[in-house]
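As structure tokens, the structure follows; a few thoughts come after it.
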Amino acid sequence: MSIIATNINKSFGDPPVHVLKDISLEIKDGEFVALTGRSGSGKSTLMYILSSLDNPSTGTVEISGKDIAKLSEEEIHRFRNEELGFVFQAAYMIAELSVIDNVLMPTMKFDQKEKRRSSAEHLLDEFGLKDKMKRFPRQLSGGEQQRVAIARALVMDPKYLFADEPTGALDTESGDVVMNIIKEINAKSKTTVLMVTHDPDFAREAGREIHLADGAIISNG
């Protein structure tokens with residue numbers, strides 16, 4: 001199983017601005033891949049397409065043998081929820097919910113809240129947040145909120161984790177903690193990780209770096 005992108009192009013606007021240009025790549029199961037490039041190079045756009053959150057203008061994306069474009073709306077929602085985890089630069093926590101209930105949000109779509117509760121508690125314990133499960137987002141630091149966001153992304157035990165600048169809004173110490181968690185997830189659980197980052201130190205910690213410039217791959221690790 002893997003992620004396979006074939007001849008991906010993406011354009012926006014009229015006249016069209018070509019953001020991605022004929023990109024083909026494969027990410028094998030268990031890999032940790034960093035997507036790098038300057039601002040505007042297309043790396044976040046590519047990640048959104050590879051993770052099914054956006055569609056290419058032309059080209060195909062297959063994840064675990066499934067052609068994403070051929071899935072129905074119901075099938076793609078279920079696939080995302082069960083197979084894919086997402087972490088963004090902002091934690092996007094729900095202010096009115098406790099930490100544990102924020103982590104359990106993905107489980108509610110399929111009535112698995114109680115089934116997954118012990119897993120959620122275990123993740124928070126692993127991430128050093130055992131004593132903060134009943135607190136609310138406003139009572140956490142930025143680094144703690146990002147750890148909660150990672151726990152939320154992992155609570156359904158996804159095969160793939162997509163992270164878009166997960167350390168971008170954090171100080172150095174918190175960023176290091178988050179990066180170590182992502183590395184450990186990849187090493188221990190064999191979760192495939194695709195991470196967009198502008199930080200060359202973090203990129204070097206991935207197993208492979210794919211570097212973009214002007215919407216095209218110029219280095220594939």
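Residue names in the structure tokens use chain letters A, B, ... in the order shown, residue numbers from 1 in each chain, and ligand numbers from 1 in the order shown.
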Residues of stretch 54-99 of chain A that approach stretch 6-26 of chain A to 10 Å or less, counting only C-alpha atoms: could you list each one with the shortest pair of atoms and its distance in Å to one decimal, rows by chain and increasing residue number, as a Markdown table?
| residue | atom | partner | partner_atom | distance |
| --- | --- | --- | --- | --- |
| A:Asp54 | CA | A:Lys10 | CA | 9.8 |
| A:Asn55 | CA | A:Lys10 | CA | 8.2 |
| A:Pro56 | CA | A:Lys10 | CA | 5.2 |
| A:Ser57 | CA | A:Lys10 | CA | 4.7 |
| A:Thr58 | CA | A:Asn9 | CA | 5.2 |
| A:Gly59 | CA | A:Ile8 | CA | 4.4 |
| A:Thr60 | CA | A:Thr6 | CA | 5.3 |
| A:Val61 | CA | A:Thr6 | CA | 6.5 |
| A:Glu62 | CA | A:Thr6 | CA | 8.7 |
| A:Ile63 | CA | A:Glu26 | CA | 9.9 |
Mind writing the picked residues with C-alpha atoms as a compact mmCIF listing (two decimals), in the first residue's frame?
# COMPACT_ATOMS: atom_id res chain seq x y z
CA ASP A 54 -8.36 19.05 -2.44
CA ASN A 55 -8.66 17.83 -6.01
CA PRO A 56 -6.05 18.26 -8.74
CA SER A 57 -6.97 20.09 -11.94
CA THR A 58 -5.63 17.06 -13.81
CA GLY A 59 -3.94 13.84 -12.72
CA THR A 60 -4.77 11.07 -10.26
CA VAL A 61 -4.09 10.23 -6.62
CA GLU A 62 -4.33 6.71 -5.24
CA ILE A 63 -4.16 5.98 -1.50
Please return, as a list in words, all residues of stretch 51-109 of chain A that DSSP assigns to strand (DSSP E or B) on the basis of the backbone.
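Result set for stretch 51-109 of chain A (strand (DSSP E or B)): Thr58, Gly59, Thr60, Val61, Glu62, Ile63, Lys66, Asp67, Leu84, Gly85, Phe86 and Val87 of chain A.
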Can you write out the residues you just picked, keeping C-alpha atoms, as a CSV table (one decimal), in the first residue's frame?
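So selection29.csv came out as:
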chain,number,residue,atom,x,y,z
A,58,THR,CA,-5.6,17.1,-13.8
A,59,GLY,CA,-3.9,13.8,-12.7
A,60,THR,CA,-4.8,11.1,-10.3
A,61,VAL,CA,-4.1,10.2,-6.6
A,62,GLU,CA,-4.3,6.7,-5.2
A,63,ILE,CA,-4.2,6.0,-1.5
A,66,LYS,CA,-8.1,3.6,-4.0
A,67,ASP,CA,-8.5,6.2,-6.7
A,84,LEU,CA,-6.2,9.4,7.5
A,85,GLY,CA,-5.1,11.8,10.3
A,86,PHE,CA,-4.5,15.5,9.9
A,87,VAL,CA,-2.5,18.1,11.9
I need the residue nearest A:Ala153 from this list: A:His122, A:Lys70, A:Arg80, A:Lys183. Use only C-alpha atoms for the distance.
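Counting only C-alpha atoms, the residue closest to A:Ala153 is A:Arg80.
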Run DSSP on the backbone and grab whatever in stretch 94-169 of chain A lands in helix (DSSP H, G or I); send it over as number ranges by chain.
A: 99-103, 105-108, 113-126, 130-132, 137-139, 142-154
Generate a file of the selected residues that holds N, CA and C atoms, formatted as a CSV table (one decimal), in the first residue's frame.
chain,number,residue,atom,x,y,z
A,99,VAL,N,-10.2,18.7,26.9
A,99,VAL,CA,-9.2,18.1,26.2
A,99,VAL,C,-9.5,16.7,25.7
A,100,ILE,N,-10.0,15.9,26.6
A,100,ILE,CA,-10.3,14.5,26.2
A,100,ILE,C,-11.5,14.5,25.1
A,101,ASP,N,-12.4,15.4,25.2
A,101,ASP,CA,-13.5,15.4,24.2
A,101,ASP,C,-13.0,16.0,22.9
A,102,ASN,N,-12.1,16.9,22.9
A,102,ASN,CA,-11.5,17.3,21.7
A,102,ASN,C,-10.8,16.2,21.0
A,103,VAL,N,-10.1,15.4,21.7
A,103,VAL,CA,-9.4,14.2,21.1
A,103,VAL,C,-10.4,13.3,20.5
A,105,MET,N,-13.3,13.8,19.2
A,105,MET,CA,-14.1,14.4,18.1
A,105,MET,C,-14.3,13.5,16.9
A,106,PRO,N,-13.2,12.9,16.3
A,106,PRO,CA,-13.4,12.1,15.2
A,106,PRO,C,-14.2,10.8,15.4
A,107,THR,N,-14.2,10.4,16.6
A,107,THR,CA,-14.9,9.1,17.0
A,107,THR,C,-16.4,9.3,17.0
A,108,MET,N,-16.9,10.5,17.1
A,108,MET,CA,-18.3,10.8,17.3
A,108,MET,C,-19.1,10.6,15.9
A,113,LYS,N,-17.2,6.7,20.4
A,113,LYS,CA,-16.6,7.5,21.4
A,113,LYS,C,-16.1,6.6,22.6
A,114,GLU,N,-17.0,5.8,23.1
A,114,GLU,CA,-16.7,5.0,24.2
A,114,GLU,C,-15.7,3.9,23.9
A,115,LYS,N,-15.8,3.4,22.6
A,115,LYS,CA,-14.8,2.3,22.2
A,115,LYS,C,-13.4,2.9,22.1
A,116,ARG,N,-13.3,4.1,21.8
A,116,ARG,CA,-11.9,4.7,21.6
A,116,ARG,C,-11.5,5.5,22.8
A,117,ARG,N,-12.3,5.6,23.8
A,117,ARG,CA,-11.9,6.5,25.0
A,117,ARG,C,-10.6,6.0,25.6
A,118,SER,N,-10.4,4.7,25.8
A,118,SER,CA,-9.1,4.3,26.4
A,118,SER,C,-7.9,4.6,25.6
A,119,SER,N,-8.1,4.5,24.2
A,119,SER,CA,-7.0,4.9,23.3
A,119,SER,C,-6.7,6.4,23.4
A,120,ALA,N,-7.7,7.2,23.5
A,120,ALA,CA,-7.5,8.7,23.7
A,120,ALA,C,-6.8,9.0,24.9
A,121,GLU,N,-7.2,8.3,26.0
A,121,GLU,CA,-6.5,8.6,27.3
A,121,GLU,C,-5.1,8.1,27.3
A,122,HIS,N,-4.8,7.0,26.6
A,122,HIS,CA,-3.4,6.5,26.4
A,122,HIS,C,-2.6,7.5,25.6
A,123,LEU,N,-3.1,8.0,24.6
A,123,LEU,CA,-2.4,9.0,23.7
A,123,LEU,C,-2.0,10.2,24.6
A,124,LEU,N,-3.0,10.7,25.3
A,124,LEU,CA,-2.7,11.9,26.1
A,124,LEU,C,-1.7,11.6,27.2
A,125,ASP,N,-1.7,10.4,27.7
A,125,ASP,CA,-0.7,10.0,28.7
A,125,ASP,C,0.6,10.0,28.1
A,126,GLU,N,0.7,9.4,26.9
A,126,GLU,CA,2.0,9.3,26.2
A,126,GLU,C,2.6,10.6,25.9
A,130,LYS,N,-1.7,13.6,30.7
A,130,LYS,CA,-2.6,12.8,31.5
A,130,LYS,C,-3.3,13.7,32.6
A,131,ASP,N,-2.7,14.6,33.2
A,131,ASP,CA,-3.3,15.4,34.2
A,131,ASP,C,-4.1,16.6,33.7
A,132,LYS,N,-4.2,16.7,32.3
A,132,LYS,CA,-4.9,17.9,31.8
A,132,LYS,C,-6.1,17.4,30.9
A,137,PRO,N,-9.2,24.1,26.3
A,137,PRO,CA,-8.1,24.6,25.4
A,137,PRO,C,-7.5,25.9,26.0
A,138,ARG,N,-8.3,26.8,26.5
A,138,ARG,CA,-7.7,28.1,27.0
A,138,ARG,C,-6.7,27.9,28.2
A,139,GLN,N,-6.8,26.7,28.8
A,139,GLN,CA,-5.9,26.4,29.9
A,139,GLN,C,-4.6,25.7,29.5
A,142,GLY,N,0.4,26.7,23.8
A,142,GLY,CA,0.3,26.4,22.4
A,142,GLY,C,0.9,25.0,22.0
A,143,GLY,N,2.0,24.7,22.7
A,143,GLY,CA,2.6,23.4,22.5
A,143,GLY,C,1.7,22.2,23.0
A,144,GLU,N,1.1,22.5,24.1
A,144,GLU,CA,0.1,21.5,24.6
A,144,GLU,C,-1.1,21.3,23.7
A,145,GLN,N,-1.6,22.4,23.2
A,145,GLN,CA,-2.7,22.3,22.3
A,145,GLN,C,-2.3,21.5,21.0
A,146,GLN,N,-1.1,21.7,20.5
A,146,GLN,CA,-0.7,21.0,19.3
A,146,GLN,C,-0.5,19.5,19.6
A,147,ARG,N,-0.1,19.1,20.8
A,147,ARG,CA,0.0,17.7,21.2
A,147,ARG,C,-1.5,17.1,21.2
A,148,VAL,N,-2.4,17.9,21.7
A,148,VAL,CA,-3.8,17.4,21.7
A,148,VAL,C,-4.3,17.2,20.3
A,149,ALA,N,-3.9,18.1,19.4
A,149,ALA,CA,-4.3,18.0,18.0
A,149,ALA,C,-3.7,16.7,17.4
A,150,ILE,N,-2.5,16.4,17.7
A,150,ILE,CA,-1.9,15.1,17.2
A,150,ILE,C,-2.6,13.9,17.8
A,151,ALA,N,-2.9,14.0,19.1
A,151,ALA,CA,-3.7,12.9,19.7
A,151,ALA,C,-5.0,12.7,18.9
A,152,ARG,N,-5.7,13.8,18.7
A,152,ARG,CA,-7.0,13.8,17.9
A,152,ARG,C,-6.8,13.1,16.5
A,153,ALA,N,-5.7,13.5,15.9
A,153,ALA,CA,-5.4,12.9,14.5
A,153,ALA,C,-5.1,11.4,14.6
A,154,LEU,N,-4.7,10.9,15.7
A,154,LEU,CA,-4.3,9.5,15.9
A,154,LEU,C,-5.3,8.6,16.5
If I take atom CA of A:Ser141 and atom CA of A:Glu165, how far is one from the other in Å, to one decimal?
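Interatomic distance, atom CA of A:Ser141 to atom CA of A:Glu165: 17.6 Å.
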